[in-house]
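Colleague: There's a structure below that I have some questions on.
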Amino acid sequence: MFPYLGLKASTDETQLEERLQHQPEVFEFYTQASDMTPDGLAHLSQMIDRVKSAGVDHVIIHHPMAFDHAHNELAVSALRNPASYQFMMGSTESIIELAKARDVQVLVHGAYNAPLSWIKAQFGSLEAGRELVFDRLDYFKALGGNHVMFENALSPLFRFGEPGFERRIMGHHYRLAYDISHAFIVLHGDNDKLVSSLARLAPQIVHYHLVDSMGQKHDSLPLGQGNIDWVRVKRVLNLMRPTFTRLPWMTKIIVRPCSIAITT
């Protein structure tokens, strides 16, 4: 029955056991650079086993969000930042291979919050930056198949809310993770455009993060404390397959095999 309870935690055993006592149906691992070493990946694999042994069938590995005090951007330059590039590629490849071996899911951010000024300085134009992101997403899609999904960002490199760009995304047939607060912020708090975006992308959405927002900045508010019209949003969600995840300070809902994360 919708919704499904899902919880989020690191690979720390104490934190993991605390989450499991709530009997989630979905579990999301928040990973970091230390989890991407051979020992770290072996430990992550063991923790996946522990979660599955508790009866949790739906497990997600969130790729590391940061490396060397910066966001782990898919668009990182192999020439300007070779160490960051090697980490981004190697860590994502490693967790995708682990996900395939253990029959779990990987969530990868198409971007984070890189502004247009940075994008133009790096690539010369937004279009060139987006093409690089598409190339890398295509690679990870081919590598991961039905074990990998891609989340929208605040950055124009990979954001939802632009009809033309969304049609391009759909043309790549990605499995999408839709963070509703991210899109609402990109759309400056416009509920009409948010609902249109959700409806347009619904056939390819396999995971939702339902987090409220005032629509002006990344504020991550509990549901009902922001300006998102959840009554209208619910009508256009792809509810055929939901699941859920919970951060220490918020609750997310995930939809099977699609995932929904609702913050409360």
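We name chains A, B, ... following the order of the structure tokens; residues begin at 1 in each chain, and ligands are numbered from 1 as shown.
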Write out as a PDB file with all heavy atoms, in the first residue's frame each polymer residue whose atoms come within 9 Å of Val104 (chain A), counting only C-alpha atoms; drop sequence neighbours fewer than 2 positions from it.

Modeller:
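Contents of the output file result.pdb:
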```pdb
ATOM      1  N   ILE A  48      24.683  -4.095   2.657  1.00  0.00           N
ATOM      2  CA  ILE A  48      23.550  -4.429   1.795  1.00  0.00           C
ATOM      3  C   ILE A  48      22.965  -5.769   2.208  1.00  0.00           C
ATOM      4  O   ILE A  48      21.743  -5.939   2.314  1.00  0.00           O
ATOM      5  CB  ILE A  48      23.976  -4.434   0.311  1.00  0.00           C
ATOM      6  CG1 ILE A  48      24.286  -3.003  -0.161  1.00  0.00           C
ATOM      7  CG2 ILE A  48      22.883  -5.052  -0.565  1.00  0.00           C
ATOM      8  CD1 ILE A  48      24.903  -2.935  -1.545  1.00  0.00           C
ATOM      9  N   ASP A  57      13.619  -5.350   0.601  1.00  0.00           N
ATOM     10  CA  ASP A  57      13.891  -5.797  -0.767  1.00  0.00           C
ATOM     11  C   ASP A  57      14.376  -4.682  -1.680  1.00  0.00           C
ATOM     12  O   ASP A  57      15.007  -4.944  -2.706  1.00  0.00           O
ATOM     13  CB  ASP A  57      12.619  -6.399  -1.384  1.00  0.00           C
ATOM     14  CG  ASP A  57      12.181  -7.658  -0.667  1.00  0.00           C
ATOM     15  OD1 ASP A  57      13.053  -8.410  -0.200  1.00  0.00           O
ATOM     16  OD2 ASP A  57      10.952  -7.881  -0.572  1.00  0.00           O
ATOM     17  N   HIS A  58      14.084  -3.438  -1.317  1.00  0.00           N
ATOM     18  CA  HIS A  58      14.380  -2.311  -2.200  1.00  0.00           C
ATOM     19  C   HIS A  58      15.506  -1.472  -1.595  1.00  0.00           C
ATOM     20  O   HIS A  58      15.297  -0.737  -0.633  1.00  0.00           O
ATOM     21  CB  HIS A  58      13.132  -1.467  -2.430  1.00  0.00           C
ATOM     22  CG  HIS A  58      11.991  -2.271  -2.978  1.00  0.00           C
ATOM     23  ND1 HIS A  58      11.893  -2.616  -4.301  1.00  0.00           N
ATOM     24  CD2 HIS A  58      10.930  -2.844  -2.358  1.00  0.00           C
ATOM     25  CE1 HIS A  58      10.815  -3.353  -4.486  1.00  0.00           C
ATOM     26  NE2 HIS A  58      10.214  -3.497  -3.315  1.00  0.00           N
ATOM     27  N   VAL A  59      16.691  -1.623  -2.169  1.00  0.00           N
ATOM     28  CA  VAL A  59      17.884  -0.953  -1.657  1.00  0.00           C
ATOM     29  C   VAL A  59      18.462  -0.049  -2.735  1.00  0.00           C
ATOM     30  O   VAL A  59      18.589  -0.450  -3.896  1.00  0.00           O
ATOM     31  CB  VAL A  59      18.946  -1.985  -1.214  1.00  0.00           C
ATOM     32  CG1 VAL A  59      20.194  -1.279  -0.694  1.00  0.00           C
ATOM     33  CG2 VAL A  59      18.369  -2.920  -0.152  1.00  0.00           C
ATOM     34  N   ILE A  60      18.798   1.182  -2.341  1.00  0.00           N
ATOM     35  CA  ILE A  60      19.365   2.182  -3.256  1.00  0.00           C
ATOM     36  C   ILE A  60      20.715   2.630  -2.724  1.00  0.00           C
ATOM     37  O   ILE A  60      20.859   2.886  -1.522  1.00  0.00           O
ATOM     38  CB  ILE A  60      18.424   3.400  -3.383  1.00  0.00           C
ATOM     39  CG1 ILE A  60      17.062   2.969  -3.939  1.00  0.00           C
ATOM     40  CG2 ILE A  60      19.041   4.476  -4.267  1.00  0.00           C
ATOM     41  CD1 ILE A  60      16.005   4.064  -3.857  1.00  0.00           C
ATOM     42  N   ILE A  61      21.693   2.735  -3.615  1.00  0.00           N
ATOM     43  CA  ILE A  61      22.993   3.313  -3.273  1.00  0.00           C
ATOM     44  C   ILE A  61      23.061   4.690  -3.912  1.00  0.00           C
ATOM     45  O   ILE A  61      23.007   4.814  -5.138  1.00  0.00           O
ATOM     46  CB  ILE A  61      24.162   2.452  -3.796  1.00  0.00           C
ATOM     47  CG1 ILE A  61      24.040   1.001  -3.351  1.00  0.00           C
ATOM     48  CG2 ILE A  61      25.491   3.048  -3.342  1.00  0.00           C
ATOM     49  CD1 ILE A  61      25.027   0.066  -4.042  1.00  0.00           C
ATOM     50  N   ILE A  96      27.827   0.908  -9.557  1.00  0.00           N
ATOM     51  CA  ILE A  96      26.927   0.290 -10.533  1.00  0.00           C
ATOM     52  C   ILE A  96      27.215  -1.201 -10.646  1.00  0.00           C
ATOM     53  O   ILE A  96      26.301  -2.035 -10.674  1.00  0.00           O
ATOM     54  CB  ILE A  96      27.033   0.996 -11.901  1.00  0.00           C
ATOM     55  CG1 ILE A  96      26.359   2.373 -11.845  1.00  0.00           C
ATOM     56  CG2 ILE A  96      26.383   0.141 -12.993  1.00  0.00           C
ATOM     57  CD1 ILE A  96      26.494   3.191 -13.112  1.00  0.00           C
ATOM     58  N   LEU A  98      28.518  -3.061  -8.343  1.00  0.00           N
ATOM     59  CA  LEU A  98      28.042  -3.658  -7.095  1.00  0.00           C
ATOM     60  C   LEU A  98      26.523  -3.810  -7.125  1.00  0.00           C
ATOM     61  O   LEU A  98      25.979  -4.833  -6.698  1.00  0.00           O
ATOM     62  CB  LEU A  98      28.477  -2.791  -5.911  1.00  0.00           C
ATOM     63  CG  LEU A  98      28.006  -3.251  -4.523  1.00  0.00           C
ATOM     64  CD1 LEU A  98      28.529  -4.651  -4.197  1.00  0.00           C
ATOM     65  CD2 LEU A  98      28.455  -2.247  -3.458  1.00  0.00           C
ATOM     66  N   ALA A  99      25.839  -2.788  -7.631  1.00  0.00           N
ATOM     67  CA  ALA A  99      24.373  -2.837  -7.694  1.00  0.00           C
ATOM     68  C   ALA A  99      23.894  -3.973  -8.585  1.00  0.00           C
ATOM     69  O   ALA A  99      22.916  -4.657  -8.267  1.00  0.00           O
ATOM     70  CB  ALA A  99      23.834  -1.504  -8.200  1.00  0.00           C
ATOM     71  N   LYS A 100      24.566  -4.182  -9.696  1.00  0.00           N
ATOM     72  CA  LYS A 100      24.185  -5.283 -10.584  1.00  0.00           C
ATOM     73  C   LYS A 100      24.424  -6.631  -9.909  1.00  0.00           C
ATOM     74  O   LYS A 100      23.599  -7.545 -10.022  1.00  0.00           O
ATOM     75  CB  LYS A 100      24.947  -5.186 -11.899  1.00  0.00           C
ATOM     76  CG  LYS A 100      24.531  -3.995 -12.763  1.00  0.00           C
ATOM     77  CD  LYS A 100      25.062  -4.086 -14.180  1.00  0.00           C
ATOM     78  CE  LYS A 100      26.558  -4.015 -14.258  1.00  0.00           C
ATOM     79  NZ  LYS A 100      27.039  -4.007 -15.655  1.00  0.00           N
ATOM     80  N   ALA A 101      25.546  -6.739  -9.207  1.00  0.00           N
ATOM     81  CA  ALA A 101      25.875  -7.998  -8.540  1.00  0.00           C
ATOM     82  C   ALA A 101      24.911  -8.312  -7.407  1.00  0.00           C
ATOM     83  O   ALA A 101      24.571  -9.477  -7.159  1.00  0.00           O
ATOM     84  CB  ALA A 101      27.308  -7.955  -8.022  1.00  0.00           C
ATOM     85  N   ARG A 102      24.453  -7.260  -6.701  1.00  0.00           N
ATOM     86  CA  ARG A 102      23.594  -7.471  -5.523  1.00  0.00           C
ATOM     87  C   ARG A 102      22.126  -7.191  -5.811  1.00  0.00           C
ATOM     88  O   ARG A 102      21.306  -7.244  -4.901  1.00  0.00           O
ATOM     89  CB  ARG A 102      24.067  -6.575  -4.368  1.00  0.00           C
ATOM     90  CG  ARG A 102      25.546  -6.686  -4.020  1.00  0.00           C
ATOM     91  CD  ARG A 102      26.075  -8.117  -4.060  1.00  0.00           C
ATOM     92  NE  ARG A 102      25.321  -9.007  -3.216  1.00  0.00           N
ATOM     93  CZ  ARG A 102      25.616  -9.273  -1.957  1.00  0.00           C
ATOM     94  NH1 ARG A 102      26.691  -8.747  -1.414  1.00  0.00           N
ATOM     95  NH2 ARG A 102      24.879 -10.094  -1.253  1.00  0.00           N
ATOM     96  N   VAL A 106      21.167   2.181  -8.084  1.00  0.00           N
ATOM     97  CA  VAL A 106      22.100   3.289  -7.892  1.00  0.00           C
ATOM     98  C   VAL A 106      21.417   4.577  -8.321  1.00  0.00           C
ATOM     99  O   VAL A 106      20.781   4.628  -9.385  1.00  0.00           O
ATOM    100  CB  VAL A 106      23.394   3.090  -8.709  1.00  0.00           C
ATOM    101  CG1 VAL A 106      24.242   4.360  -8.701  1.00  0.00           C
ATOM    102  CG2 VAL A 106      24.204   1.925  -8.158  1.00  0.00           C
ATOM    103  N   HIS A 147      19.453  -0.823 -13.330  1.00  0.00           N
ATOM    104  CA  HIS A 147      19.969  -0.666 -11.963  1.00  0.00           C
ATOM    105  C   HIS A 147      20.405   0.770 -11.676  1.00  0.00           C
ATOM    106  O   HIS A 147      20.928   1.039 -10.592  1.00  0.00           O
ATOM    107  CB  HIS A 147      21.151  -1.610 -11.733  1.00  0.00           C
ATOM    108  CG  HIS A 147      20.762  -3.049 -11.711  1.00  0.00           C
ATOM    109  ND1 HIS A 147      20.246  -3.671 -10.592  1.00  0.00           N
ATOM    110  CD2 HIS A 147      20.775  -3.983 -12.683  1.00  0.00           C
ATOM    111  CE1 HIS A 147      19.975  -4.929 -10.878  1.00  0.00           C
ATOM    112  NE2 HIS A 147      20.286  -5.148 -12.142  1.00  0.00           N
ATOM    113  N   VAL A 148      20.224   1.695 -12.611  1.00  0.00           N
ATOM    114  CA  VAL A 148      20.694   3.063 -12.400  1.00  0.00           C
ATOM    115  C   VAL A 148      19.597   4.054 -12.762  1.00  0.00           C
ATOM    116  O   VAL A 148      18.808   3.833 -13.687  1.00  0.00           O
ATOM    117  CB  VAL A 148      21.980   3.338 -13.208  1.00  0.00           C
ATOM    118  CG1 VAL A 148      21.717   3.298 -14.710  1.00  0.00           C
ATOM    119  CG2 VAL A 148      22.610   4.674 -12.817  1.00  0.00           C
TER     120      VAL A 148
END
```

Colleague: As an exercise, work out the distance from CA of Ile228 (chain A) to CA of Phe165 (chain A) in Å and give it to one decimal place.

Modeller: 22.3 Å

Colleague: In terms of the shortest atom-to-atom distance over only C-alpha atoms, which of A:Lys52, A:Lys120, A:Lys141, A:His71 is closest to Leu16 (chain A)?

Modeller: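 Closest to Leu16 (chain A), using only C-alpha atoms: A:Lys52.
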
Colleague: Counting only C-alpha atoms, what is within 8 Å of Ser213 (chain A), bar same-chain residues fewer than 6 positions away, as a list in words?

Modeller: Ser181, Phe184, Ile185, Asp219, Ser220, Leu221, Gln225, Gly226, Asn227 and Ile228 of chain A

Colleague: Could the residues in this selection be written to a file with N, CA and C atoms, as a PDB file, in the first residue's frame?

Modeller:
```pdb
ATOM      1  N   SER A 181      11.319  19.359  -5.097  1.00  0.00           N
ATOM      2  CA  SER A 181      11.739  20.676  -4.609  1.00  0.00           C
ATOM      3  C   SER A 181      12.763  21.302  -5.552  1.00  0.00           C
ATOM      4  N   PHE A 184      10.859  22.756  -8.435  1.00  0.00           N
ATOM      5  CA  PHE A 184      10.050  23.893  -7.986  1.00  0.00           C
ATOM      6  C   PHE A 184      10.921  25.143  -7.834  1.00  0.00           C
ATOM      7  N   ILE A 185      12.139  24.958  -7.349  1.00  0.00           N
ATOM      8  CA  ILE A 185      13.069  26.081  -7.198  1.00  0.00           C
ATOM      9  C   ILE A 185      13.515  26.582  -8.567  1.00  0.00           C
ATOM     10  N   ASP A 219      15.830  24.970   0.391  1.00  0.00           N
ATOM     11  CA  ASP A 219      15.472  25.065   1.808  1.00  0.00           C
ATOM     12  C   ASP A 219      15.023  23.740   2.424  1.00  0.00           C
ATOM     13  N   SER A 220      14.672  22.729   1.616  1.00  0.00           N
ATOM     14  CA  SER A 220      14.350  21.370   2.097  1.00  0.00           C
ATOM     15  C   SER A 220      13.376  21.387   3.269  1.00  0.00           C
ATOM     16  N   LEU A 221      12.167  21.841   3.025  1.00  0.00           N
ATOM     17  CA  LEU A 221      11.170  21.967   4.086  1.00  0.00           C
ATOM     18  C   LEU A 221      10.299  20.719   4.193  1.00  0.00           C
ATOM     19  N   GLN A 225       4.963  22.904   4.678  1.00  0.00           N
ATOM     20  CA  GLN A 225       5.578  24.131   5.192  1.00  0.00           C
ATOM     21  C   GLN A 225       6.129  25.009   4.077  1.00  0.00           C
ATOM     22  N   GLY A 226       5.961  24.592   2.831  1.00  0.00           N
ATOM     23  CA  GLY A 226       6.410  25.377   1.691  1.00  0.00           C
ATOM     24  C   GLY A 226       5.240  25.769   0.810  1.00  0.00           C
ATOM     25  N   ASN A 227       5.542  26.108  -0.445  1.00  0.00           N
ATOM     26  CA  ASN A 227       4.525  26.597  -1.370  1.00  0.00           C
ATOM     27  C   ASN A 227       4.116  25.593  -2.443  1.00  0.00           C
ATOM     28  N   ILE A 228       4.640  24.367  -2.377  1.00  0.00           N
ATOM     29  CA  ILE A 228       4.255  23.364  -3.368  1.00  0.00           C
ATOM     30  C   ILE A 228       2.813  22.936  -3.129  1.00  0.00           C
TER      31      ILE A 228
END
```

Colleague: Applying 10 Å and only C-alpha atoms, which residues near Val76 (chain A) remain after dropping the ones on its own chain fewer than 6 positions away? List them as a ChimeraX atom specification.

Modeller: /A:82-86,88-89,111,122,129,132-133

Colleague: Go ahead and dump the residues you just picked, N, CA, C and O atoms, as a PDB file, in the first residue's frame.

Modeller:
```
ATOM      1  N   PRO A  82      41.875  16.124 -13.039  1.00  0.00           N
ATOM      2  CA  PRO A  82      41.982  14.672 -13.299  1.00  0.00           C
ATOM      3  C   PRO A  82      41.649  13.798 -12.103  1.00  0.00           C
ATOM      4  O   PRO A  82      41.043  12.736 -12.269  1.00  0.00           O
ATOM      5  N   ALA A  83      42.030  14.218 -10.886  1.00  0.00           N
ATOM      6  CA  ALA A  83      41.741  13.395  -9.706  1.00  0.00           C
ATOM      7  C   ALA A  83      40.235  13.321  -9.465  1.00  0.00           C
ATOM      8  O   ALA A  83      39.686  12.249  -9.168  1.00  0.00           O
ATOM      9  N   SER A  84      39.542  14.459  -9.590  1.00  0.00           N
ATOM     10  CA  SER A  84      38.090  14.482  -9.398  1.00  0.00           C
ATOM     11  C   SER A  84      37.389  13.684 -10.486  1.00  0.00           C
ATOM     12  O   SER A  84      36.405  12.967 -10.218  1.00  0.00           O
ATOM     13  N   TYR A  85      37.897  13.793 -11.714  1.00  0.00           N
ATOM     14  CA  TYR A  85      37.316  13.026 -12.814  1.00  0.00           C
ATOM     15  C   TYR A  85      37.468  11.524 -12.570  1.00  0.00           C
ATOM     16  O   TYR A  85      36.508  10.768 -12.737  1.00  0.00           O
ATOM     17  N   GLN A  86      38.659  11.110 -12.179  1.00  0.00           N
ATOM     18  CA  GLN A  86      38.888   9.690 -11.935  1.00  0.00           C
ATOM     19  C   GLN A  86      38.005   9.184 -10.803  1.00  0.00           C
ATOM     20  O   GLN A  86      37.490   8.059 -10.859  1.00  0.00           O
ATOM     21  N   MET A  88      35.027  10.489  -9.891  1.00  0.00           N
ATOM     22  CA  MET A  88      33.647  10.459 -10.364  1.00  0.00           C
ATOM     23  C   MET A  88      33.388   9.225 -11.208  1.00  0.00           C
ATOM     24  O   MET A  88      32.423   8.480 -10.982  1.00  0.00           O
ATOM     25  N   MET A  89      34.262   8.962 -12.173  1.00  0.00           N
ATOM     26  CA  MET A  89      34.062   7.813 -13.054  1.00  0.00           C
ATOM     27  C   MET A  89      34.226   6.493 -12.286  1.00  0.00           C
ATOM     28  O   MET A  89      33.385   5.594 -12.381  1.00  0.00           O
ATOM     29  N   ALA A 111      23.690  16.464 -12.127  1.00  0.00           N
ATOM     30  CA  ALA A 111      24.476  17.653 -11.785  1.00  0.00           C
ATOM     31  C   ALA A 111      24.112  18.024 -10.351  1.00  0.00           C
ATOM     32  O   ALA A 111      23.295  17.351  -9.713  1.00  0.00           O
ATOM     33  N   GLN A 122      33.794  26.873 -18.072  1.00  0.00           N
ATOM     34  CA  GLN A 122      34.346  25.534 -18.266  1.00  0.00           C
ATOM     35  C   GLN A 122      34.202  25.034 -19.701  1.00  0.00           C
ATOM     36  O   GLN A 122      35.109  24.404 -20.250  1.00  0.00           O
ATOM     37  N   GLY A 129      28.228  22.048 -22.282  1.00  0.00           N
ATOM     38  CA  GLY A 129      28.217  21.378 -20.989  1.00  0.00           C
ATOM     39  C   GLY A 129      27.154  20.298 -20.924  1.00  0.00           C
ATOM     40  O   GLY A 129      27.389  19.208 -20.397  1.00  0.00           O
ATOM     41  N   LEU A 132      28.175  17.150 -22.768  1.00  0.00           N
ATOM     42  CA  LEU A 132      29.098  16.315 -21.985  1.00  0.00           C
ATOM     43  C   LEU A 132      28.326  15.499 -20.941  1.00  0.00           C
ATOM     44  O   LEU A 132      28.600  14.299 -20.760  1.00  0.00           O
ATOM     45  N   VAL A 133      27.380  16.134 -20.269  1.00  0.00           N
ATOM     46  CA  VAL A 133      26.578  15.415 -19.272  1.00  0.00           C
ATOM     47  C   VAL A 133      25.802  14.281 -19.941  1.00  0.00           C
ATOM     48  O   VAL A 133      25.770  13.151 -19.437  1.00  0.00           O
TER      49      VAL A 133
END
```

Colleague: If you run DSSP on the backbone here, which positions in region 61-181 of chain A get strand (DSSP E)? Please write them as a PyMOL selection string.

Modeller: chain A and resi 61-62+66-67+70-71+105-109+148-151+176-179

Colleague: May I have the residues from that selection written out with C-alpha atoms, as a PDB file, in the first residue's frame?

Modeller:
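Just written: part24.pdb:
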```pdb
ATOM      1  CA  ILE A  61      22.993   3.313  -3.273  1.00  0.00           C
ATOM      2  CA  HIS A  62      23.298   7.093  -3.600  1.00  0.00           C
ATOM      3  CA  ALA A  66      31.359  15.143  -2.805  1.00  0.00           C
ATOM      4  CA  PHE A  67      35.048  14.641  -3.435  1.00  0.00           C
ATOM      5  CA  ALA A  70      33.557  19.895  -3.899  1.00  0.00           C
ATOM      6  CA  HIS A  71      30.450  18.390  -5.454  1.00  0.00           C
ATOM      7  CA  GLN A 105      19.661   0.397  -7.418  1.00  0.00           C
ATOM      8  CA  VAL A 106      22.100   3.289  -7.892  1.00  0.00           C
ATOM      9  CA  LEU A 107      21.036   6.941  -7.832  1.00  0.00           C
ATOM     10  CA  VAL A 108      23.323   9.353  -9.710  1.00  0.00           C
ATOM     11  CA  HIS A 109      22.913  13.129  -9.838  1.00  0.00           C
ATOM     12  CA  VAL A 148      20.694   3.063 -12.400  1.00  0.00           C
ATOM     13  CA  MET A 149      18.558   6.231 -12.219  1.00  0.00           C
ATOM     14  CA  PHE A 150      19.423   9.916 -12.708  1.00  0.00           C
ATOM     15  CA  GLU A 151      18.265  12.793 -10.485  1.00  0.00           C
ATOM     16  CA  LEU A 176      14.609   9.328 -13.854  1.00  0.00           C
ATOM     17  CA  ALA A 177      14.657  10.312 -10.184  1.00  0.00           C
ATOM     18  CA  TYR A 178      12.549  13.462  -9.820  1.00  0.00           C
ATOM     19  CA  ASP A 179      13.337  15.746  -6.870  1.00  0.00           C
TER      20      ASP A 179
END
```

Colleague: I'd like the interatomic distance between CA of Glu28 (chain A) and CA of Thr11 (chain A), to a tenth of an Å.

Modeller: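 According to the coordinates, CA of Glu28 (chain A) and CA of Thr11 (chain A) are separated by 9.9 Å.
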
Colleague: Nearest to Gly55 (chain A) among A:Ala42, A:Met170, A:Ile180, A:Val26, with distances taken over only C-alpha atoms: which residue is it?

Modeller: A:Val26

Colleague: How many Å lie between CA of Trp118 (chain A) and CA of Ser77 (chain A), rounded to one decimal?

Modeller: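 That distance, rounded to one decimal, is 12.1 Å.
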
Colleague: Find the spatial neighbours of region 36-40 of chain A, counting only C-alpha atoms, within a cut-off of 9 Å - ignore same-chain residues fewer than 2 positions away - and output them as a PyMOL selection string.

Modeller: chain A and resi 11+31-34+42-45+64+87+90-91+94-95

Colleague: Could you find all residues in region 13-201 of chain A that DSSP calls alpha helix (DSSP H) from the backbone, and write them as a count of residues only?

Modeller: 99
